[in-house]
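In what follows, a structure is listed as structure tokens, so that the remarks can point back to it.
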There are 2 protein chains.
Amino acid sequence: MKTDKRIRGVLTPVVTPFDEDLAPNPRRLVAHCRWLASQNCGLALFGTNSEANSQSVDERIDLLEAVVGAGLDASIMMPGTGCCALPDTVRLTRQAVGLGCAGVLMLPPFYYKTVSDDGLFAYFSEVIERVGDARLKIYLYHIPPIAQVGISLKLIERLLSAYPDAVAGIKDSSGDWVNTRAMLEAFPNFDVFVGSEDFLLANLRAGGVGCISAVANVNPARIADLAANWQAGDADARQSALSATRGIIQAYPMIAALKATIAQFADDPGWAKVRPPLVGLTPAQQSALKDALNAGGFTMPGLRS
Amino acid sequence: MKTDKRIRGVLTPVVTPFDEDLAPNPRRLVAHCRWLASQNCGLALFGTNSEANSQSVDERIDLLEAVVGAGLDASIMMPGTGCCALPDTVRLTRQAVGLGCAGVLMLPPFYYKTVSDDGLFAYFSEVIERVGDARLKIYLYHIPPIAQVGISLKLIERLLSAYPDAVAGIKDSSGDWVNTRAMLEAFPNFDVFVGSEDFLLANLRAGGVGCISAVANVNPARIADLAANWQAGDADARQSALSATRGIIQAYPMIAALKATIAQFADDPGWAKVRPPLVGLTPAQQSALKDALNAGGFTMPGLRS
């Protein structure tokens, strides 16, 4: 049984624009969030593809303040708040809850690599107790290819048992459908988002609630359409089309490719900037990506309005 | 040719004491630093074994201020300052340089796992340019088992070529002597510390400058003695004795074992606390470790003075 008050559908880890001097640019970020919201896409600010961990806690605090302060609806937001350091996670989570965000997406602490479920349970417990707010909805963030530290089924079970209200769901970015299905089957009142629209239809058919996809930064409406109409007769065809677009983009380093695509369609070259240790696309990569997207008939309607 | 103004010998990643409520305890930290200094051990505060990445930047700033403010000599300090986020690394590094620390030990940004040497070069370059202080001495921190992101020989070569004064050396915690030897052979004016006293004698014989060892938190004087007397006739016997002691401790999770050992010998049970996601030793582990250390005749002279 799903609690229908919880967020569902399609969200994107909103890419974070940086100026030439590498400072975050709140104006560009707010504009992109507005466009994404207009395309029925929720805002998972400060995800992996947002270069969240390349930003200081203060920078993230200021950006979320700017986005909510600009009048965007916090009830479509699920900011990432999981850091290596407990006090950082608590601080970011408190802010998100205080601003009325729908939930927070929480990485496990990811520096130490051989941590136990006991240690992770203690960590998440401390966060929940310290935030101490009944509005808190945590979505655990399982992304073993990058964080290396994963979220096991046993850990989810313990957390749900101890904090059935605060622990709302998960983003499964394992890319392993067997793992996603196991979570869907094991925990009925636990909302599973997949980390790629490639699994969106399968996830919705199996009882999941949506996806949190980097590619939704550039292709939000079509992904959101599938989530809204997954029981329609043409759902499989729509899924194939989404995966084809994703395939074009993920042939390149994802974050640089997303930013280059926004820069191109917004006619705003400054958007392409990434923070080290990431690097931007080469001119040759940019040109090849542009050609491939054009050949596929890709557009970003309304981006420049 | 080594620049003899640079720090050398034995340093330890000073373990960080936490109170029952998980707040850092500067009083205990200062006392431990004083004891380590009295044992001829330098202070690599905020290393992996310091639970540095489990602390906020503000906590680390306050602790370093407290340690230097207590009158400890900054010229024996090499605080860890490498974070995932460039502004955090710059802020911590500026503080350390401003306080007169001998150097800083700098992790690469460790969230993204497939970063290029171009991206890492850009990252370290930005840090060096932004800190913009001729006193800056960076020791790169190569610890692939934990950070996953490593420091390649090619990256060192590029950094040394661009910043021969700022890039002073490395801590090699790969545990791979072939890698350590390759660095020693490739870069004459580059100070190599090994990450374990197991390799101390080999490193000094091959032209390295010392070690930065977690176990020096509890066994500093004997490790420092070997570094000072590595050309003595009994050096191999001393090395074996050091490795035997290390073997006892590293049979347990390192950080918890170090803290339990300090708690025992300082008769201060509060020292044993670790921050999640780490967990402390079980009572059975504590007891077994204590017995093994006693059986080996292990002592921490002067710790309780």
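In the structure tokens, the first chain shown is A, the next is B, and so on; residue numbers restart at 1 for each chain, and ligands run from 1 in the order shown.
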
Which residues, written as a PyMOL selection string, have at least one atom at most 8 Å from Glu51 of chain A, with only C-alpha atoms counted and residues fewer than 5 positions away on the same chain left out? chain A and resi 15-16+46+275

Using only C-alpha atoms, select each residue of chain A with any atom at most 7 Å away from an atom of chain B, and give the selection as a PyMOL selection string. chain A and resi 53-56+84-88+109+111-113+115+119-120+122-123+146-147+276-279

Print the selection's residues with N, CA, C and O atoms to a file, as a compact mmCIF listing (two decimals), in the first residue's frame.
```txt
# COMPACT_ATOMS: atom_id res chain seq x y z
N ASN A 53 28.54 16.94 -4.41
CA ASN A 53 29.68 16.73 -3.52
C ASN A 53 30.90 17.56 -3.92
O ASN A 53 31.88 17.59 -3.19
N SER A 54 30.79 18.24 -5.04
CA SER A 54 31.84 19.20 -5.41
C SER A 54 31.53 20.60 -4.87
O SER A 54 32.26 21.54 -5.15
N GLN A 55 30.43 20.71 -4.13
CA GLN A 55 30.03 21.99 -3.54
C GLN A 55 30.15 21.93 -2.02
O GLN A 55 29.91 20.89 -1.41
N SER A 56 30.46 23.07 -1.42
CA SER A 56 30.48 23.13 0.03
C SER A 56 29.05 23.10 0.56
O SER A 56 28.09 23.36 -0.18
N CYS A 84 29.56 12.79 3.93
CA CYS A 84 30.39 11.90 4.74
C CYS A 84 30.27 12.23 6.23
O CYS A 84 30.41 11.35 7.07
N ALA A 85 30.07 13.51 6.53
CA ALA A 85 30.08 13.96 7.93
C ALA A 85 28.67 14.15 8.43
O ALA A 85 27.87 14.90 7.86
N LEU A 86 28.37 13.48 9.53
CA LEU A 86 27.04 13.54 10.14
C LEU A 86 26.53 14.97 10.32
O LEU A 86 25.38 15.25 9.97
N PRO A 87 27.33 15.90 10.86
CA PRO A 87 26.78 17.25 11.07
C PRO A 87 26.38 17.93 9.76
O PRO A 87 25.43 18.71 9.75
N ASP A 88 27.09 17.63 8.68
CA ASP A 88 26.73 18.22 7.38
C ASP A 88 25.38 17.67 6.91
O ASP A 88 24.53 18.42 6.41
N PRO A 109 27.24 7.75 4.19
CA PRO A 109 28.58 8.33 4.28
C PRO A 109 29.51 7.44 3.44
O PRO A 109 29.50 6.22 3.60
N TYR A 111 33.06 7.80 2.56
CA TYR A 111 34.53 7.77 2.56
C TYR A 111 35.05 6.38 2.94
O TYR A 111 35.79 5.76 2.18
N TYR A 112 34.67 5.90 4.12
CA TYR A 112 35.12 4.57 4.53
C TYR A 112 34.39 3.52 3.71
O TYR A 112 33.19 3.63 3.49
N LYS A 113 35.12 2.49 3.27
CA LYS A 113 34.55 1.58 2.28
C LYS A 113 34.10 0.23 2.85
O LYS A 113 33.44 -0.51 2.18
N VAL A 115 32.34 -0.30 5.76
CA VAL A 115 31.51 -0.06 6.94
C VAL A 115 30.42 -1.12 7.06
O VAL A 115 29.98 -1.71 6.08
N GLY A 119 26.99 0.22 11.53
CA GLY A 119 27.48 1.59 11.48
C GLY A 119 26.58 2.49 10.64
O GLY A 119 26.33 3.64 11.00
N LEU A 120 26.08 1.96 9.53
CA LEU A 120 25.19 2.76 8.69
C LEU A 120 23.85 2.99 9.39
O LEU A 120 23.28 4.09 9.32
N ALA A 122 23.45 3.18 12.60
CA ALA A 122 23.73 4.21 13.62
C ALA A 122 23.77 5.59 13.00
O ALA A 122 23.26 6.57 13.56
N TYR A 123 24.36 5.67 11.82
CA TYR A 123 24.47 6.96 11.12
C TYR A 123 23.08 7.51 10.78
O TYR A 123 22.74 8.65 11.12
N ILE A 146 29.32 4.46 -7.68
CA ILE A 146 30.02 5.70 -7.34
C ILE A 146 30.29 5.79 -5.84
O ILE A 146 31.43 5.95 -5.41
N ALA A 147 29.26 5.67 -5.02
CA ALA A 147 29.49 5.78 -3.57
C ALA A 147 30.27 4.59 -3.03
O ALA A 147 30.90 4.67 -1.99
N PRO A 276 36.12 21.09 -11.42
CA PRO A 276 37.06 19.99 -11.25
C PRO A 276 36.68 19.17 -10.01
O PRO A 276 36.19 19.77 -9.05
N PRO A 277 36.82 17.84 -10.04
CA PRO A 277 37.67 17.07 -10.93
C PRO A 277 37.01 16.68 -12.26
O PRO A 277 37.61 15.92 -13.01
N LEU A 278 35.79 17.15 -12.53
CA LEU A 278 35.20 16.82 -13.83
C LEU A 278 35.79 17.73 -14.90
O LEU A 278 36.32 18.80 -14.60
N VAL A 279 35.68 17.28 -16.13
CA VAL A 279 36.14 18.09 -17.26
C VAL A 279 34.99 18.18 -18.27
O VAL A 279 34.15 17.29 -18.36
```

Counting only C-alpha atoms, what is within 12 Å of Asn189 of chain B, bar same-chain residues fewer than 4 positions away, as a VMD selection string? chain B and resid 1 to 4 6 156 to 157 160 to 161 164 to 170 183 to 185 207 to 209

With all heavy atoms kept, could you save the residues just selected as a compact mmCIF listing (two decimals), in the first residue's frame?
```txt
# COMPACT_ATOMS: atom_id res chain seq x y z
N MET B 1 67.92 15.14 -4.79
CA MET B 1 68.34 16.09 -3.75
C MET B 1 67.13 16.50 -2.91
O MET B 1 66.15 17.02 -3.42
CB MET B 1 68.95 17.34 -4.41
CG MET B 1 69.48 18.35 -3.43
SD MET B 1 69.75 19.96 -4.26
CE MET B 1 68.07 20.48 -4.58
N LYS B 2 67.19 16.22 -1.63
CA LYS B 2 66.09 16.58 -0.75
C LYS B 2 66.32 17.97 -0.17
O LYS B 2 67.46 18.33 0.17
CB LYS B 2 66.01 15.59 0.43
CG LYS B 2 65.78 14.15 0.02
CD LYS B 2 64.41 13.97 -0.60
CE LYS B 2 64.29 12.55 -1.12
NZ LYS B 2 63.08 12.38 -1.93
N THR B 3 65.25 18.71 -0.06
CA THR B 3 65.33 20.02 0.57
C THR B 3 65.21 19.81 2.08
O THR B 3 64.18 19.39 2.57
CB THR B 3 64.17 20.89 0.09
OG1 THR B 3 64.17 20.86 -1.32
CG2 THR B 3 64.31 22.31 0.57
N ASP B 4 66.26 20.09 2.82
CA ASP B 4 66.23 19.68 4.22
C ASP B 4 65.35 20.58 5.09
O ASP B 4 65.17 20.32 6.26
CB ASP B 4 67.66 19.59 4.80
CG ASP B 4 68.41 20.89 4.74
OD1 ASP B 4 67.80 21.92 4.36
OD2 ASP B 4 69.60 20.89 5.05
N ARG B 6 62.27 20.73 4.61
CA ARG B 6 60.95 20.08 4.67
C ARG B 6 60.85 19.10 5.84
O ARG B 6 61.84 18.54 6.29
CB ARG B 6 60.70 19.33 3.37
CG ARG B 6 60.44 20.23 2.19
CD ARG B 6 60.05 19.34 1.03
NE ARG B 6 60.06 20.04 -0.23
CZ ARG B 6 60.24 19.45 -1.41
NH1 ARG B 6 60.45 18.14 -1.47
NH2 ARG B 6 60.21 20.15 -2.52
N ILE B 156 51.62 13.11 -10.91
CA ILE B 156 52.69 13.70 -10.09
C ILE B 156 53.67 14.46 -10.99
O ILE B 156 54.07 15.59 -10.69
CB ILE B 156 53.44 12.60 -9.30
CG1 ILE B 156 52.51 11.91 -8.31
CG2 ILE B 156 54.65 13.20 -8.57
CD1 ILE B 156 53.10 10.65 -7.68
N GLU B 157 54.01 13.84 -12.09
CA GLU B 157 54.96 14.47 -13.01
C GLU B 157 54.44 15.82 -13.52
O GLU B 157 55.16 16.82 -13.54
CB GLU B 157 55.20 13.51 -14.19
CG GLU B 157 56.29 13.95 -15.12
CD GLU B 157 56.57 12.90 -16.20
OE1 GLU B 157 55.86 11.86 -16.24
OE2 GLU B 157 57.48 13.14 -17.00
N LEU B 160 54.42 18.34 -10.53
CA LEU B 160 55.78 18.79 -10.18
C LEU B 160 56.31 19.76 -11.22
O LEU B 160 57.01 20.73 -10.90
CB LEU B 160 56.72 17.59 -10.07
CG LEU B 160 56.71 16.82 -8.75
CD1 LEU B 160 57.59 15.59 -8.86
CD2 LEU B 160 57.17 17.72 -7.60
N SER B 161 55.97 19.49 -12.46
CA SER B 161 56.45 20.35 -13.53
C SER B 161 55.81 21.74 -13.43
O SER B 161 56.47 22.76 -13.64
CB SER B 161 56.13 19.67 -14.86
OG SER B 161 56.35 20.54 -15.93
N PRO B 164 56.66 23.15 -8.86
CA PRO B 164 57.75 22.43 -8.19
C PRO B 164 57.93 22.83 -6.72
O PRO B 164 58.47 22.05 -5.94
CB PRO B 164 58.98 22.80 -9.03
CG PRO B 164 58.60 24.04 -9.77
CD PRO B 164 57.13 23.98 -9.98
N ASP B 165 57.50 24.03 -6.34
CA ASP B 165 57.65 24.43 -4.93
C ASP B 165 56.48 23.96 -4.08
O ASP B 165 56.65 23.51 -2.96
CB ASP B 165 57.79 25.95 -4.83
CG ASP B 165 59.07 26.42 -5.49
OD1 ASP B 165 60.09 25.73 -5.34
OD2 ASP B 165 59.04 27.48 -6.16
N ALA B 166 55.27 24.09 -4.62
CA ALA B 166 54.08 23.76 -3.82
C ALA B 166 53.90 22.25 -3.64
O ALA B 166 53.39 21.80 -2.61
CB ALA B 166 52.84 24.36 -4.46
N VAL B 167 54.30 21.49 -4.63
CA VAL B 167 54.09 20.03 -4.55
C VAL B 167 55.35 19.41 -3.96
O VAL B 167 56.39 19.30 -4.61
CB VAL B 167 53.75 19.45 -5.94
CG1 VAL B 167 53.62 17.93 -5.85
CG2 VAL B 167 52.46 20.07 -6.46
N ALA B 168 55.26 19.03 -2.69
CA ALA B 168 56.45 18.66 -1.92
C ALA B 168 56.65 17.16 -1.80
O ALA B 168 57.77 16.68 -1.61
CB ALA B 168 56.36 19.25 -0.51
N GLY B 169 55.57 16.40 -1.86
CA GLY B 169 55.73 14.96 -1.66
C GLY B 169 54.41 14.22 -1.67
O GLY B 169 53.41 14.72 -2.19
N ILE B 170 54.44 13.02 -1.10
CA ILE B 170 53.26 12.17 -1.13
C ILE B 170 53.25 11.28 0.11
O ILE B 170 54.30 10.98 0.69
CB ILE B 170 53.26 11.30 -2.42
CG1 ILE B 170 51.86 10.73 -2.71
CG2 ILE B 170 54.29 10.17 -2.34
CD1 ILE B 170 51.68 10.27 -4.16
N MET B 183 57.83 5.68 -7.36
CA MET B 183 57.80 7.12 -7.08
C MET B 183 59.16 7.62 -6.61
O MET B 183 59.61 8.70 -6.99
CB MET B 183 56.72 7.43 -6.05
CG MET B 183 55.31 7.18 -6.59
SD MET B 183 53.99 7.73 -5.48
CE MET B 183 54.53 6.95 -3.98
N LEU B 184 59.79 6.82 -5.75
CA LEU B 184 61.12 7.20 -5.26
C LEU B 184 62.12 7.33 -6.42
O LEU B 184 62.96 8.23 -6.45
CB LEU B 184 61.63 6.16 -4.26
CG LEU B 184 60.94 6.18 -2.89
CD1 LEU B 184 61.21 4.88 -2.13
CD2 LEU B 184 61.42 7.37 -2.06
N GLU B 185 62.01 6.42 -7.36
CA GLU B 185 62.96 6.42 -8.49
C GLU B 185 62.65 7.51 -9.50
O GLU B 185 63.55 8.08 -10.11
CB GLU B 185 62.95 5.04 -9.16
CG GLU B 185 63.64 4.00 -8.30
CD GLU B 185 63.46 2.57 -8.81
OE1 GLU B 185 62.79 2.38 -9.85
OE2 GLU B 185 63.97 1.65 -8.14
N GLY B 207 65.59 6.05 0.01
CA GLY B 207 65.59 7.50 -0.24
C GLY B 207 64.33 8.22 0.18
O GLY B 207 64.20 9.43 -0.05
N GLY B 208 63.38 7.50 0.78
CA GLY B 208 62.17 8.14 1.29
C GLY B 208 62.46 8.92 2.56
O GLY B 208 63.57 8.86 3.11
N VAL B 209 61.45 9.65 3.05
CA VAL B 209 61.70 10.55 4.17
C VAL B 209 61.03 10.13 5.47
O VAL B 209 61.28 10.75 6.51
CB VAL B 209 61.28 12.01 3.84
CG1 VAL B 209 62.10 12.54 2.67
CG2 VAL B 209 59.78 12.12 3.58
```

For atom CA of Ala31 of chain A and atom CA of Val68 of chain A, determine how far apart the two atoms are, in Å to one decimal place.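 Interatomic distance here is 12.1 Å.
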
Need the shell around Trp35 of chain A: protein/DNA/RNA residues with any atom at most 10 Å away, counting only C-alpha atoms. Skip same-chain ones fewer than 3 positions apart. Format as an MDAnalysis selection string? chainID A and resid 29:32 38:41 217 220 300:305

Pick out the closest residue to Gln239 of chain A from this set: A:Asn203, A:Gln286, A:Gln264, A:Ser152. Count only C-alpha atoms.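 Between A:Asn203, A:Gln286, A:Gln264, A:Ser152, the residue approaching Gln239 of chain A most closely is A:Asn203.
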
As a ChimeraX atom specification, please: every residue in segment 67-260 of chain B that a backbone DSSP assignment puts in alpha helix (DSSP H). /B:67-69,86-98,117-131,144-147,153-162,177-186,200-205,220-228,235-249,254-260

Name all residues at most 7 Å from Thr81 of chain A (count only C-alpha atoms; drop same-chain ones fewer than 2 positions away) and give them as JSON, numbers by chain. {"A": [79, 83, 89, 92, 93, 104, 105, 106]}

What would the file look like if the residues just selected were written as a PDB file, in the first residue's frame with all heavy atoms?
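Written out: result.pdb:
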```
ATOM      1  N   PRO A  79      15.921  17.371  -2.369  1.00  0.00           N
ATOM      2  CA  PRO A  79      17.364  17.656  -2.437  1.00  0.00           C
ATOM      3  C   PRO A  79      18.205  16.540  -1.835  1.00  0.00           C
ATOM      4  O   PRO A  79      17.801  15.882  -0.881  1.00  0.00           O
ATOM      5  CB  PRO A  79      17.505  18.951  -1.629  1.00  0.00           C
ATOM      6  CG  PRO A  79      16.277  19.065  -0.804  1.00  0.00           C
ATOM      7  CD  PRO A  79      15.188  18.320  -1.524  1.00  0.00           C
ATOM      8  N   CYS A  83      26.035  13.406   3.254  1.00  0.00           N
ATOM      9  CA  CYS A  83      27.461  13.741   3.188  1.00  0.00           C
ATOM     10  C   CYS A  83      28.249  12.691   3.971  1.00  0.00           C
ATOM     11  O   CYS A  83      27.679  11.828   4.619  1.00  0.00           O
ATOM     12  CB  CYS A  83      27.703  15.111   3.796  1.00  0.00           C
ATOM     13  SG  CYS A  83      26.767  16.443   3.024  1.00  0.00           S
ATOM     14  N   THR A  89      25.215  16.373   7.037  1.00  0.00           N
ATOM     15  CA  THR A  89      23.961  15.752   6.613  1.00  0.00           C
ATOM     16  C   THR A  89      22.793  16.294   7.430  1.00  0.00           C
ATOM     17  O   THR A  89      21.720  16.589   6.886  1.00  0.00           O
ATOM     18  CB  THR A  89      24.061  14.222   6.766  1.00  0.00           C
ATOM     19  OG1 THR A  89      25.173  13.763   6.004  1.00  0.00           O
ATOM     20  CG2 THR A  89      22.799  13.527   6.292  1.00  0.00           C
ATOM     21  N   LEU A  92      21.994  20.010   6.288  1.00  0.00           N
ATOM     22  CA  LEU A  92      21.310  20.096   4.993  1.00  0.00           C
ATOM     23  C   LEU A  92      19.891  19.532   5.091  1.00  0.00           C
ATOM     24  O   LEU A  92      18.953  20.060   4.476  1.00  0.00           O
ATOM     25  CB  LEU A  92      22.105  19.334   3.928  1.00  0.00           C
ATOM     26  CG  LEU A  92      23.438  19.967   3.506  1.00  0.00           C
ATOM     27  CD1 LEU A  92      24.244  18.993   2.646  1.00  0.00           C
ATOM     28  CD2 LEU A  92      23.191  21.270   2.733  1.00  0.00           C
ATOM     29  N   THR A  93      19.732  18.464   5.851  1.00  0.00           N
ATOM     30  CA  THR A  93      18.418  17.831   5.961  1.00  0.00           C
ATOM     31  C   THR A  93      17.450  18.751   6.708  1.00  0.00           C
ATOM     32  O   THR A  93      16.287  18.905   6.313  1.00  0.00           O
ATOM     33  CB  THR A  93      18.550  16.465   6.659  1.00  0.00           C
ATOM     34  OG1 THR A  93      19.483  15.662   5.928  1.00  0.00           O
ATOM     35  CG2 THR A  93      17.213  15.742   6.731  1.00  0.00           C
ATOM     36  N   VAL A 104      14.099  14.108   1.206  1.00  0.00           N
ATOM     37  CA  VAL A 104      15.528  14.301   0.948  1.00  0.00           C
ATOM     38  C   VAL A 104      16.094  12.985   0.425  1.00  0.00           C
ATOM     39  O   VAL A 104      15.639  11.903   0.812  1.00  0.00           O
ATOM     40  CB  VAL A 104      16.308  14.742   2.214  1.00  0.00           C
ATOM     41  CG1 VAL A 104      15.838  16.105   2.696  1.00  0.00           C
ATOM     42  CG2 VAL A 104      16.221  13.707   3.326  1.00  0.00           C
ATOM     43  N   LEU A 105      17.067  13.100  -0.466  1.00  0.00           N
ATOM     44  CA  LEU A 105      17.722  11.924  -1.032  1.00  0.00           C
ATOM     45  C   LEU A 105      19.072  11.797  -0.326  1.00  0.00           C
ATOM     46  O   LEU A 105      19.888  12.704  -0.388  1.00  0.00           O
ATOM     47  CB  LEU A 105      17.904  12.141  -2.539  1.00  0.00           C
ATOM     48  CG  LEU A 105      18.434  10.980  -3.357  1.00  0.00           C
ATOM     49  CD1 LEU A 105      17.563   9.741  -3.202  1.00  0.00           C
ATOM     50  CD2 LEU A 105      18.493  11.384  -4.837  1.00  0.00           C
ATOM     51  N   MET A 106      19.257  10.676   0.384  1.00  0.00           N
ATOM     52  CA  MET A 106      20.379  10.620   1.311  1.00  0.00           C
ATOM     53  C   MET A 106      21.393   9.528   0.969  1.00  0.00           C
ATOM     54  O   MET A 106      21.156   8.336   1.155  1.00  0.00           O
ATOM     55  CB  MET A 106      19.862  10.426   2.737  1.00  0.00           C
ATOM     56  CG  MET A 106      20.861  10.833   3.802  1.00  0.00           C
ATOM     57  SD  MET A 106      20.137  10.721   5.457  1.00  0.00           S
ATOM     58  CE  MET A 106      19.043  12.164   5.426  1.00  0.00           C
TER      59      MET A 106
END
```

Interatomic distance between atom CA of Ser196 of chain A and atom CA of Arg8 of chain A?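 Result for atom CA of Ser196 of chain A versus atom CA of Arg8 of chain A: 14.5 Å, one decimal.
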
Name all residues at most 12 Å from Asp234 of chain B (count only C-alpha atoms; drop same-chain ones fewer than 6 positions away) and give them as a list in words. Leu201, Asp225, Leu226, Ser240 and Ala241 of chain B

Using N, CA and C atoms, can you export the residues from the last selection as a PDB file, in the first residue's frame?
```pdb
ATOM      1  N   LEU B 201      61.576   1.158   7.159  1.00  0.00           N
ATOM      2  CA  LEU B 201      63.001   0.942   6.931  1.00  0.00           C
ATOM      3  C   LEU B 201      63.302   0.856   5.432  1.00  0.00           C
ATOM      4  N   ASP B 225      62.091   6.233  16.804  1.00  0.00           N
ATOM      5  CA  ASP B 225      63.465   5.763  17.030  1.00  0.00           C
ATOM      6  C   ASP B 225      64.047   5.093  15.798  1.00  0.00           C
ATOM      7  N   LEU B 226      63.256   4.271  15.161  1.00  0.00           N
ATOM      8  CA  LEU B 226      63.772   3.610  13.960  1.00  0.00           C
ATOM      9  C   LEU B 226      64.059   4.634  12.868  1.00  0.00           C
ATOM     10  N   SER B 240      61.284  -5.323  12.741  1.00  0.00           N
ATOM     11  CA  SER B 240      60.463  -6.512  13.034  1.00  0.00           C
ATOM     12  C   SER B 240      59.599  -6.294  14.263  1.00  0.00           C
ATOM     13  N   ALA B 241      60.181  -5.654  15.278  1.00  0.00           N
ATOM     14  CA  ALA B 241      59.413  -5.414  16.505  1.00  0.00           C
ATOM     15  C   ALA B 241      58.235  -4.469  16.225  1.00  0.00           C
TER      16      ALA B 241
END
```

Of the candidates A:Pro269, A:Gly9, A:Ala102, A:Leu153, which one gets nearest to Phe187 of chain A if we count only C-alpha atoms?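 Answer, going by the shortest atom-to-atom distance: A:Leu153.
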
Using the chain letters and numbers from this document, which residues of segment 76-157 of chain B does DSSP assign to strand (DSSP E or B), as a compact mmCIF listing (two decimals) with all heavy atoms, in the first residue's frame?
```
# COMPACT_ATOMS: atom_id res chain seq x y z
N MET B 77 53.27 19.89 12.07
CA MET B 77 51.90 19.50 11.68
C MET B 77 51.74 19.42 10.16
O MET B 77 52.25 20.25 9.43
CB MET B 77 50.90 20.53 12.22
CG MET B 77 50.85 20.57 13.74
SD MET B 77 49.61 21.76 14.33
CE MET B 77 50.19 21.91 16.05
N GLY B 80 45.40 17.09 7.23
CA GLY B 80 44.70 16.69 6.01
C GLY B 80 43.71 17.77 5.62
O GLY B 80 42.97 18.26 6.46
N VAL B 104 50.46 20.28 4.07
CA VAL B 104 49.11 19.72 4.15
C VAL B 104 49.10 18.40 3.39
O VAL B 104 49.82 18.23 2.40
CB VAL B 104 48.04 20.67 3.56
CG1 VAL B 104 47.96 21.96 4.38
CG2 VAL B 104 48.31 20.97 2.09
N LEU B 105 48.30 17.48 3.89
CA LEU B 105 48.16 16.17 3.25
C LEU B 105 46.84 16.19 2.49
O LEU B 105 45.79 16.39 3.09
CB LEU B 105 48.15 15.09 4.33
CG LEU B 105 48.17 13.64 3.88
CD1 LEU B 105 49.35 13.35 2.97
CD2 LEU B 105 48.22 12.72 5.10
N MET B 106 46.91 16.04 1.17
CA MET B 106 45.73 16.35 0.36
C MET B 106 45.20 15.15 -0.41
O MET B 106 45.80 14.69 -1.39
CB MET B 106 46.05 17.49 -0.61
CG MET B 106 44.82 18.20 -1.15
SD MET B 106 45.27 19.65 -2.14
CE MET B 106 45.83 20.78 -0.84
N ILE B 138 52.33 20.93 -0.40
CA ILE B 138 51.31 19.89 -0.52
C ILE B 138 51.96 18.51 -0.55
O ILE B 138 52.91 18.28 -1.31
CB ILE B 138 50.48 20.07 -1.81
CG1 ILE B 138 49.63 21.34 -1.72
CG2 ILE B 138 49.60 18.85 -2.08
CD1 ILE B 138 48.84 21.63 -2.99
N TYR B 139 51.44 17.62 0.28
CA TYR B 139 51.76 16.20 0.20
C TYR B 139 50.51 15.50 -0.34
O TYR B 139 49.46 15.55 0.30
CB TYR B 139 52.18 15.66 1.58
CG TYR B 139 53.48 16.31 2.02
CD1 TYR B 139 53.48 17.57 2.61
CD2 TYR B 139 54.71 15.70 1.76
CE1 TYR B 139 54.67 18.20 2.96
CE2 TYR B 139 55.90 16.32 2.11
CZ TYR B 139 55.88 17.57 2.70
OH TYR B 139 57.06 18.19 3.03
N LEU B 140 50.63 14.96 -1.52
CA LEU B 140 49.50 14.26 -2.13
C LEU B 140 49.22 13.00 -1.32
O LEU B 140 50.13 12.39 -0.75
CB LEU B 140 49.84 13.91 -3.58
CG LEU B 140 50.21 15.13 -4.44
CD1 LEU B 140 50.89 14.68 -5.73
CD2 LEU B 140 48.98 15.98 -4.74
N TYR B 141 47.96 12.61 -1.28
CA TYR B 141 47.58 11.47 -0.44
C TYR B 141 47.02 10.37 -1.36
O TYR B 141 45.92 10.48 -1.88
CB TYR B 141 46.53 11.94 0.57
CG TYR B 141 46.17 10.94 1.65
CD1 TYR B 141 46.79 9.71 1.79
CD2 TYR B 141 45.19 11.27 2.59
CE1 TYR B 141 46.44 8.83 2.79
CE2 TYR B 141 44.84 10.39 3.60
CZ TYR B 141 45.46 9.17 3.70
OH TYR B 141 45.10 8.29 4.69
N HIS B 142 47.83 9.34 -1.50
CA HIS B 142 47.48 8.22 -2.39
C HIS B 142 47.02 7.04 -1.53
O HIS B 142 47.84 6.36 -0.91
CB HIS B 142 48.71 7.84 -3.21
CG HIS B 142 48.51 6.70 -4.16
ND1 HIS B 142 47.53 6.70 -5.13
CD2 HIS B 142 49.16 5.51 -4.30
CE1 HIS B 142 47.58 5.58 -5.82
NE2 HIS B 142 48.56 4.83 -5.33
```

Between atom CA of Thr12 of chain B and atom CA of Gly47 of chain B, distance in Å (one decimal):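 These two atoms are separated by 8.4 Å.
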
With distances taken over only C-alpha atoms, which residue among B:Ala260, B:Ile7, B:Leu36, B:Val149 lies nearest Asn219 of chain B?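 Under the stated criterion, the closest residue is B:Leu36.
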
Tell me which protein, DNA and RNA residues are within 9 Å of segment 288-295 of chain B, counting only C-alpha atoms, leaving out same-chain ones fewer than 2 positions away, and put them as number ranges by chain. B: 245, 248-249, 251-252, 257, 260-261, 264, 283-286, 297-299

When distances are computed from only C-alpha atoms, which of B:Gln95, B:Ser50, B:Ser243, B:Thr180 shows the smallest separation from Asp62 of chain B?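 Ranking B:Gln95, B:Ser50, B:Ser243, B:Thr180 by distance to Asp62 of chain B, first place goes to B:Gln95.
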
For Asp176 of chain B, the closest of B:Pro13, B:Pro144, B:Pro24, B:Leu204 counting only C-alpha atoms is B:Pro144

Considering only C-alpha atoms, state which residue in the set B:Leu63, B:Ile76, B:Ala235, B:Ile128 is at the smallest distance from Arg94 of chain B.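 For Arg94 of chain B, the nearest of the given residues is B:Ile128.
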